[in-house]
Structure formats: structure tokens, C-alpha cells
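Source file start_17.cif; content: mmCIF, C-alpha atoms and all ligand atoms.
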```
data_target
loop_
_atom_site.label_atom_id
_atom_site.label_comp_id
_atom_site.auth_asym_id
_atom_site.auth_seq_id
_atom_site.Cartn_x
_atom_site.Cartn_y
_atom_site.Cartn_z
CA MET M 1 -49.01 -5.82 57.90
CA SER M 2 -47.96 -2.42 59.21
CA GLN M 3 -45.42 -0.34 57.32
CA ASN M 4 -42.83 -0.85 60.08
CA ARG M 5 -43.14 -4.65 59.97
CA ARG M 6 -42.90 -4.64 56.17
CA ASP M 7 -39.71 -2.53 56.35
CA SER M 8 -38.11 -4.82 58.92
CA ALA M 9 -39.00 -7.92 56.83
CA LYS M 10 -37.36 -6.30 53.80
CA ALA M 11 -34.26 -5.43 55.82
CA LYS M 12 -34.01 -9.05 57.03
CA THR M 13 -34.18 -10.41 53.46
CA ARG M 14 -31.53 -7.93 52.34
CA LYS M 15 -29.24 -8.97 55.21
CA ALA M 16 -29.70 -12.69 54.47
CA LYS M 17 -28.83 -12.10 50.79
CA THR M 18 -25.70 -10.14 51.65
CA GLN M 19 -24.55 -12.80 54.13
CA GLY M 20 -25.17 -15.52 51.57
CA ARG M 21 -23.10 -13.66 49.00
CA ASP M 22 -20.27 -13.08 51.48
CA ARG M 23 -20.23 -16.76 52.39
CA ALA M 24 -20.20 -17.80 48.74
CA GLU M 25 -17.33 -15.42 48.02
CA ALA M 26 -15.40 -16.68 51.05
CA ASP M 27 -15.55 -20.30 49.92
CA GLY M 28 -14.80 -19.42 46.30
CA ARG M 29 -18.23 -20.17 44.85
CA ASN M 30 -18.44 -16.72 43.36
CA ALA M 31 -14.96 -16.74 41.90
CA ARG M 32 -16.34 -16.60 38.35
CA VAL M 33 -18.07 -13.25 38.78
CA LYS M 34 -17.50 -11.37 35.57
CA PRO M 35 -15.05 -8.50 35.85
CA LYS M 36 -16.20 -5.17 34.49
CA ARG M 37 -15.50 -4.61 30.86
CA VAL M 38 -12.44 -2.45 30.38
CA TYR M 39 -13.14 -1.30 26.87
CA LYS M 40 -15.85 0.93 25.48
CA PRO M 41 -16.25 0.70 21.75
CA LYS M 42 -16.52 4.00 19.94
CA ASP M 43 -18.38 2.66 16.97
CA ARG M 44 -21.26 0.25 16.96
CA PHE M 45 -20.13 -3.13 15.75
CA THR M 46 -22.37 -5.20 13.50
CA PRO M 47 -21.05 -8.73 13.07
CA LYS M 48 -21.36 -10.28 9.66
CA ARG M 49 -23.79 -13.20 9.50
CA VAL M 50 -23.01 -16.31 7.56
CA ASN M 51 -25.71 -17.04 5.07
CA LYS M 52 -27.64 -19.99 6.57
CA ARG M 53 -27.95 -21.82 3.27
CA THR M 54 -24.22 -21.61 2.61
CA MET M 55 -23.46 -22.97 6.05
CA LYS M 56 -25.91 -25.85 5.59
CA GLU M 57 -24.36 -26.72 2.25
CA VAL M 58 -20.86 -26.58 3.71
CA LYS M 59 -21.73 -28.77 6.67
CA LYS M 60 -23.35 -31.32 4.36
CA ASN M 61 -20.16 -31.55 2.30
CA VAL M 62 -17.68 -31.87 5.11
CA LYS M 63 -19.68 -33.81 7.64
CA GLY M 64 -17.50 -34.88 10.53
CA LEU M 65 -14.48 -33.10 9.13
CA ALA M 66 -14.21 -29.89 11.04
CA PHE M 67 -17.15 -29.26 13.31
CA GLY M 68 -17.81 -30.20 16.88
CA LYS M 69 -15.04 -31.81 18.88
CA ARG M 70 -12.79 -32.57 15.94
CA SER M 71 -11.46 -29.27 14.72
CA HIS M 72 -8.42 -27.06 14.21
CA VAL M 73 -8.40 -26.48 17.97
CA SER M 74 -6.88 -29.91 18.61
CA VAL M 75 -3.97 -29.10 16.28
CA VAL M 76 -3.31 -25.63 17.70
CA LYS M 77 -3.45 -27.05 21.21
CA MET M 78 -1.11 -29.91 20.35
CA ILE M 79 1.48 -27.47 18.95
CA ALA M 80 1.13 -25.24 22.01
CA GLU M 81 1.64 -28.23 24.29
CA GLY M 82 4.76 -29.20 22.32
CA LEU M 83 6.24 -25.72 22.69
CA ARG M 84 5.41 -25.64 26.37
CA ALA M 85 7.02 -29.04 26.92
CA VAL M 86 10.33 -27.64 25.65
CA GLY M 87 9.93 -24.39 27.58
CA GLN M 88 9.22 -22.26 24.49
CA LEU M 89 5.75 -20.92 25.10
CA SER M 90 5.81 -17.69 26.97
CA VAL M 91 3.65 -15.36 24.86
CA TYR M 92 0.67 -16.62 22.83
CA LEU M 93 -1.25 -14.35 20.48
CA GLU M 94 -4.54 -15.14 18.77
CA LEU M 95 -5.81 -12.77 16.09
CA GLY M 96 -9.58 -13.27 15.91
CA THR M 97 -10.67 -15.13 19.03
CA ALA M 98 -14.46 -15.27 18.41
CA LYS M 99 -16.06 -17.38 21.14
CA GLY M 100 -12.73 -18.54 22.52
CA ALA M 101 -13.03 -22.15 21.32
CA CYS M 102 -9.31 -22.19 20.59
CA PHE M 103 -8.06 -19.37 22.79
CA ASN M 104 -9.48 -20.83 26.00
CA GLN M 105 -7.69 -24.13 25.33
CA VAL M 106 -4.31 -22.61 24.56
CA ALA M 107 -4.17 -19.60 26.90
CA PRO M 108 -3.65 -21.67 30.09
CA LEU M 109 -0.51 -23.19 28.54
CA ALA M 110 1.22 -19.82 28.08
CA ASP M 111 2.54 -17.27 30.56
CA VAL M 112 0.83 -14.41 28.73
CA ALA M 113 -2.07 -14.91 26.34
CA ILE M 114 -3.15 -12.03 24.12
CA ALA M 115 -6.60 -12.06 22.52
CA VAL M 116 -7.49 -9.68 19.69
CA ASP M 117 -10.96 -9.38 18.21
CA HIS M 118 -12.64 -6.31 16.78
CA ASP M 119 -15.96 -7.37 18.28
CA PRO M 120 -15.90 -6.13 21.92
CA ASP M 121 -18.72 -8.54 22.83
CA LYS M 122 -16.26 -11.41 22.45
CA TYR M 123 -14.58 -10.42 25.72
CA GLU M 124 -17.16 -12.30 27.76
CA TYR M 125 -16.00 -15.58 26.18
CA VAL M 126 -12.33 -15.21 27.14
CA TYR M 127 -12.37 -13.14 30.34
CA GLN M 128 -11.81 -16.12 32.67
CA ASN M 129 -8.19 -16.62 31.56
CA LYS M 130 -6.05 -15.29 34.39
CA ASN M 131 -3.13 -14.42 32.08
CA LEU M 132 -5.35 -12.68 29.52
CA VAL M 133 -4.46 -9.45 27.78
CA TRP M 134 -7.55 -8.41 25.83
CA HIS M 135 -7.57 -6.05 22.86
CA ALA M 136 -10.89 -5.12 21.33
CA SER M 137 -9.45 -3.70 18.16
CA THR M 138 -8.79 -4.57 14.59
CA THR M 139 -5.69 -6.64 14.01
CA LYS M 140 -4.27 -3.69 12.08
CA GLU M 141 -4.53 -1.31 15.05
CA PHE M 142 -3.17 -3.92 17.43
CA LEU M 143 -0.16 -4.82 15.30
CA LYS M 144 0.72 -1.17 14.75
CA ARG M 145 0.73 -0.44 18.47
CA TYR M 146 2.22 -3.61 19.96
CA ARG M 147 5.48 -2.98 21.83
CA GLY M 148 5.60 -6.01 24.15
CA ASP M 149 7.70 -9.17 24.24
CA PRO M 150 8.10 -11.19 21.03
CA PHE M 151 5.49 -13.85 20.40
CA ASP M 152 6.34 -17.54 20.64
CA LEU M 153 3.15 -18.79 19.03
CA VAL M 154 0.62 -16.87 16.94
CA PHE M 155 -2.68 -18.12 15.61
CA VAL M 156 -3.89 -15.95 12.71
CA ASP M 157 -7.63 -16.43 12.32
CA ALA M 158 -9.25 -12.98 11.92
CA GLY M 159 -10.17 -11.58 8.48
CA HIS M 160 -10.41 -14.34 5.90
CA GLU M 161 -9.90 -12.28 2.76
CA PHE M 162 -6.42 -12.61 1.28
CA GLU M 163 -5.61 -8.89 1.77
CA SER M 164 -6.48 -9.13 5.44
CA SER M 165 -4.68 -12.39 6.24
CA TRP M 166 -1.63 -11.35 4.21
CA TYR M 167 -1.51 -8.06 6.09
CA ASP M 168 -1.78 -9.89 9.41
CA PHE M 169 0.97 -12.32 8.49
CA GLN M 170 3.35 -9.68 7.15
CA HIS M 171 2.93 -7.45 10.18
CA VAL M 172 2.90 -10.11 12.87
CA ALA M 173 5.95 -11.98 11.56
CA PRO M 174 8.49 -9.31 12.62
CA LEU M 175 7.03 -9.48 16.14
CA VAL M 176 7.63 -13.24 16.42
CA ARG M 177 10.86 -14.49 17.95
CA SER M 178 13.37 -16.32 15.81
CA ASN M 179 12.12 -19.92 15.40
CA GLY M 180 8.71 -18.92 16.71
CA ILE M 181 5.61 -20.39 15.09
CA ILE M 182 2.76 -18.77 13.21
CA LEU M 183 -0.35 -20.81 12.47
CA LEU M 184 -2.69 -19.78 9.68
CA HIS M 185 -6.20 -21.17 9.60
CA ASP M 186 -8.40 -21.81 6.51
CA THR M 187 -5.54 -22.29 4.08
CA TYR M 188 -6.92 -25.47 2.48
CA PRO M 189 -10.63 -25.03 1.74
CA PRO M 190 -12.06 -28.47 0.94
CA ASN M 191 -14.47 -27.23 -1.70
CA GLU M 192 -15.62 -24.12 -3.54
CA ASN M 193 -18.31 -23.27 -1.00
CA PHE M 194 -15.56 -22.44 1.43
CA LEU M 195 -14.37 -19.53 -0.66
CA HIS M 196 -17.26 -17.55 0.84
CA PRO M 197 -15.62 -14.64 2.72
CA ASP M 198 -17.44 -15.58 5.93
CA LEU M 199 -15.90 -19.06 5.77
CA SER M 200 -12.35 -19.72 4.55
CA GLY M 201 -12.33 -16.89 2.01
CA ASP M 202 -9.13 -16.84 -0.01
CA THR M 203 -6.73 -17.08 2.92
CA TRP M 204 -5.12 -20.02 1.11
CA LYS M 205 -3.34 -17.47 -1.08
CA THR M 206 -1.37 -16.26 1.95
CA ALA M 207 0.09 -19.72 2.54
CA TRP M 208 0.78 -20.06 -1.18
CA LYS M 209 2.57 -16.70 -1.33
CA ILE M 210 4.74 -17.54 1.69
CA ARG M 211 5.75 -20.80 0.03
CA GLN M 212 6.44 -19.13 -3.32
CA GLU M 213 8.13 -15.92 -2.24
CA LEU M 214 9.42 -16.18 1.30
CA SER M 215 10.91 -19.66 1.54
CA ASN M 216 14.29 -18.18 2.49
CA LYS M 217 12.81 -16.82 5.72
CA TYR M 218 10.02 -19.23 6.60
CA GLU M 219 9.39 -22.95 6.59
CA ILE M 220 5.78 -23.78 5.87
CA VAL M 221 3.70 -26.92 5.88
CA THR M 222 -0.04 -27.02 5.29
CA LEU M 223 -2.19 -29.71 6.88
CA PRO M 224 -5.04 -30.42 4.46
CA PHE M 225 -7.80 -30.86 7.01
CA TYR M 226 -9.97 -28.80 9.36
CA PHE M 227 -10.19 -26.26 6.47
CA GLY M 228 -6.39 -26.19 6.34
CA ILE M 229 -3.87 -25.23 8.98
CA SER M 230 -0.52 -23.89 7.86
CA ILE M 231 2.36 -24.16 10.27
CA VAL M 232 4.94 -21.48 9.57
CA ARG M 233 8.28 -21.35 11.34
CA LYS M 234 10.33 -18.19 11.27
CA CYS M 235 13.85 -19.38 10.61
CA ARG M 236 17.24 -18.20 9.43
CA LYS M 237 18.74 -21.68 9.16
CA GLN M 238 17.23 -25.07 8.54
CA LEU M 239 17.93 -26.14 12.11
CA GLU M 240 17.70 -23.97 15.17
CA TRP M 241 20.94 -25.34 16.63
CA HIS M 242 22.86 -24.26 13.51
CA GLU M 243 21.95 -20.70 14.46
CA ASN M 244 23.11 -21.25 18.01
CA GLU M 245 26.41 -22.68 16.77
CA GLU M 246 26.90 -19.68 14.52
CA ALA M 247 26.34 -17.34 17.44
CA LYS M 248 29.10 -19.04 19.53
C1 LIG S 1 -13.21 -17.46 12.41
S1 LIG S 1 -13.47 -16.45 13.79
C2 LIG S 1 -12.15 -16.93 14.88
C3 LIG S 1 -12.32 -18.29 15.47
C4 LIG S 1 -11.37 -18.59 16.61
N1 LIG S 1 -10.01 -18.30 16.29
C5 LIG S 1 -11.48 -20.04 17.05
O1 LIG S 1 -10.60 -20.83 16.69
O2 LIG S 1 -12.44 -20.40 17.69
C6 LIG S 1 -12.91 -14.88 13.25
C7 LIG S 1 -12.96 -13.79 14.31
O3 LIG S 1 -12.14 -12.73 13.87
C8 LIG S 1 -12.74 -11.50 14.12
N2 LIG S 1 -12.22 -10.58 13.10
C9 LIG S 1 -12.48 -10.58 11.77
N3 LIG S 1 -11.78 -9.62 11.16
C10 LIG S 1 -11.05 -9.00 12.12
C11 LIG S 1 -10.11 -7.92 12.11
N4 LIG S 1 -9.77 -7.30 10.98
N5 LIG S 1 -9.59 -7.54 13.28
C12 LIG S 1 -9.91 -8.17 14.44
N6 LIG S 1 -10.78 -9.19 14.50
C13 LIG S 1 -11.34 -9.61 13.37
C14 LIG S 1 -14.23 -11.75 14.06
O4 LIG S 1 -14.94 -10.87 14.91
C15 LIG S 1 -14.35 -13.20 14.53
O5 LIG S 1 -14.68 -13.24 15.89
#
```
If you took the structure in this file and wrote it as C-alpha cells, what would it be?
Amino acid sequence: MSQNRRDSAKAKTRKAKTQGRDRAEADGRNARVKPKRVYKPKDRFTPKRVNKRTMKEVKKNVKGLAFGKRSHVSVVKMIAEGLRAVGQLSVYLELGTAKGACFNQVAPLADVAIAVDHDPDKYEYVYQNKNLVWHASTTKEFLKRYRGDPFDLVFVDAGHEFESSWYDFQHVAPLVRSNGIILLHDTYPPNENFLHPDLSGDTWKTAWKIRQELSNKYEIVTLPFYFGISIVRKCRKQLEWHENEEAK
């Protein structure tokens, strides 16, 4: 084949590919093309790995309790649906989104959904949410800088050491609207293996401390499954309508 014929064959293939892409875009087939990443991490991030043996041991002990389809996600989603049903879910925040198992279920229910994870690679798991605001930063940096609307629902699930989860709770609570809800994960580890910092850690102490020291400002109930989910309501009065009556 002469050089000229080879060039024209190549040009034809290129044209066919471009037309195919245009057609696919026109009928929406390419709608899930990944947008460009908006964040460039300054430091290299090395995720912590869970020790395989620990994980195996944990799974053996809680078989069917919190893995796969049955997990904390169903509870977070149910609460989000409840808030939405009464028109009280505008801004959702998740601290520690990982692979978006929970975030991607809840985000579509809110008007604005904010994802925070210090691992910038996690963006690719949540990018498809149209109302997404993505922050590749530590929870500390995010909470210091946040100046937006108050949160209606927050899911705290980032660092699992007590210091970290207590910090997150203390600093996110003032940014939550009155009667808004904060969910804390991993507050009821089902056995000692879960105290591993890559699993539940000692986050349970945060729920305990809220109950012991802050019961005048927060209602708290801990569900003893799926590693423990604490539902915290920021309240001034026992019932929301008492506050409304007072304001009249
Ligand atoms: C247990 S996973 C979150 C799981 C997720 N919420 C879900 O339900 O599928 C914890 C995530 O928090 C992130 N993380 C841990 N410490 C953090 C911190 N201090 N700031 C921001 N993200 C953090 C980790 O990168 C990880 O992706």
C-alpha cells in the first residue's frame, strides 16, 4: 500500500471514530464521561491498609452483621429519606466518604451534598453526583474553612480514633442547624477486634462523652448494630415545636 493510501485510510478511521463519539454524546451515551479532577494534592497520600488477618477475624465474628448489602448505609439513607419527606434536607455533609457506598445513596436526596475525604483518589467514586461539592482535605482543614449554609444532616465517618472523631463532632456541631442531625459511625464495636484503629477504633468514646457531658445540648441514641450508629440531634428544647412557640 502506498503512503498516500495508508494516510487516507488512517484519516477515514479517525473520522469514523469522531463521528461515533459525536453520535454517542448526542444521544447521551457518553454522559458519564469523567470530569477532570479539580484538585491537585500537594503531598503524596498513602492510605492505611487494614491488616488482612484482623479483617478476616472480624468478618468471622460478625458474619452477616455489617458487610455487603446490610450495613450502616441503610440506616443513614432511611434517616435522610425521613428528613427529605418533611422538607428538612437541604445540605448533606459526609466526613470520610471512601468509595461512596453511603454518600452515593444519600447525595441524590439532598439539594447540596458535600463530600470530604483526605484521599484525593476517592473523587472518582463520587463524581457522578450532580449536586456534589468535593473537598479533598482533612476534616480539620474543611471544618476550619467552611462558610456555607448550615448542615441539615452530617455523617461523621472519617478518622476513627477518639481524638479525631471528637474533634470532628465538636467542630461540625456549631455548623449544623438547630434540630439538625449528626450521625456518628462505629460507636458500638461488637467485639475487641474492632478497637483496631483501622476499624471502629475508639470512636465509641465520642458518643459516650456526648451522653455524659453534653446532654443539655444534644439528644443521642446509639443503635447497637452495624458497628454502632449514634443519632445525635442538636436541640435547645425537648421538642422542636416548643422552640417555635417560644420564638412567637
Ligand atoms: C470508614 S471510611 C468511610 C466510609 C464511608 N463513609 C461509607 O460509609 O462508605 C473512612 C474514610 O475517611 C477518610 N479519612 C480518614 N481520616 C480522615 C481525615 N482526618 N480527614 C478526611 N478524611 C479522612 C479515609 O480516607 C477513608 O476514606
When the cut-off is 6 Å and you count all atoms listed in the file, which residues lie near ligand LIG 1 (chain S), shown as a PyMOL selection string?
-> chain M and resi 96-102+116-119+137-139+157-159
Atom CA of M:Pro190 to atom CA of M:Thr222: how many Å, to one decimal?
->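 Going from atom CA of M:Pro190 over to atom CA of M:Thr222 covers 12.9 Å.
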Rank nothing, just name the residue among M:Asp111, M:Glu94, M:Asp168, M:Glu161 nearest to M:Val76, using only C-alpha atoms.
->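 Nearest to M:Val76: M:Glu94.
Atom to atom, atom CA of M:Ala113 and atom CA of M:Val232 stand 19.3 Å apart.
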Exercise: stretch 140-150 of chain M partners within 12 Å, only C-alpha atoms, chain neighbours under 6 positions left out, as a CSV table (one decimal) with C-alpha atoms, keeping the file's coordinate frame:
```csv
chain,number,residue,atom,x,y,z
M,88,GLN,CA,9.2,-22.3,24.5
M,89,LEU,CA,5.8,-20.9,25.1
M,90,SER,CA,5.8,-17.7,27.0
M,91,VAL,CA,3.6,-15.4,24.9
M,92,TYR,CA,0.7,-16.6,22.8
M,93,LEU,CA,-1.2,-14.4,20.5
M,94,GLU,CA,-4.5,-15.1,18.8
M,95,LEU,CA,-5.8,-12.8,16.1
M,96,GLY,CA,-9.6,-13.3,15.9
M,111,ASP,CA,2.5,-17.3,30.6
M,112,VAL,CA,0.8,-14.4,28.7
M,113,ALA,CA,-2.1,-14.9,26.3
M,114,ILE,CA,-3.2,-12.0,24.1
M,115,ALA,CA,-6.6,-12.1,22.5
M,116,VAL,CA,-7.5,-9.7,19.7
M,117,ASP,CA,-11.0,-9.4,18.2
M,118,HIS,CA,-12.6,-6.3,16.8
M,133,VAL,CA,-4.5,-9.4,27.8
M,134,TRP,CA,-7.6,-8.4,25.8
M,158,ALA,CA,-9.2,-13.0,11.9
M,159,GLY,CA,-10.2,-11.6,8.5
M,163,GLU,CA,-5.6,-8.9,1.8
M,164,SER,CA,-6.5,-9.1,5.4
M,165,SER,CA,-4.7,-12.4,6.2
M,166,TRP,CA,-1.6,-11.4,4.2
M,167,TYR,CA,-1.5,-8.1,6.1
M,168,ASP,CA,-1.8,-9.9,9.4
M,169,PHE,CA,1.0,-12.3,8.5
M,170,GLN,CA,3.4,-9.7,7.2
M,171,HIS,CA,2.9,-7.4,10.2
M,172,VAL,CA,2.9,-10.1,12.9
M,173,ALA,CA,6.0,-12.0,11.6
M,174,PRO,CA,8.5,-9.3,12.6
M,175,LEU,CA,7.0,-9.5,16.1
M,176,VAL,CA,7.6,-13.2,16.4
M,177,ARG,CA,10.9,-14.5,18.0
M,178,SER,CA,13.4,-16.3,15.8
M,179,ASN,CA,12.1,-19.9,15.4
M,180,GLY,CA,8.7,-18.9,16.7
M,181,ILE,CA,5.6,-20.4,15.1
```
Using only C-alpha atoms, collect all residues at a distance of at most 9 Å from (0.7, -25.8, 7.1) as written in the file, then present them as JSON, numbers by chain.
-> {"M": [183, 184, 185, 187, 188, 207, 220, 221, 222, 223, 224, 228, 229, 230, 231, 232]}
Can you tell me, as an NGL selection string, what residues are no more than 10 Å from M:Ala80 when counting all atoms listed in the file, ignoring any on the same chain fewer than 5 positions away?
-> :M and (74-75 or 85 or 88-89 or 92 or 105-107 or 109-110 or 152-154 or 181)
When distances are computed from all atoms listed in the file, which of M:Phe225, M:Asp198, M:Gln212, M:His135 shows the smallest separation from M:Arg70?
->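 With all atoms listed in the file as the atom set, the closest residue is M:Phe225.
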In Å, how far is it from atom CA of M:Gly87 to atom CA of M:Val156?
->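 Between atom CA of M:Gly87 and atom CA of M:Val156 the gap is 22.0 Å.
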Give the answer as one residue: which of M:Lys248, M:Lys10, M:Lys234, M:His160 has the shortest atom-to-atom distance to M:Ser200, using only C-alpha atoms?
-> M:His160
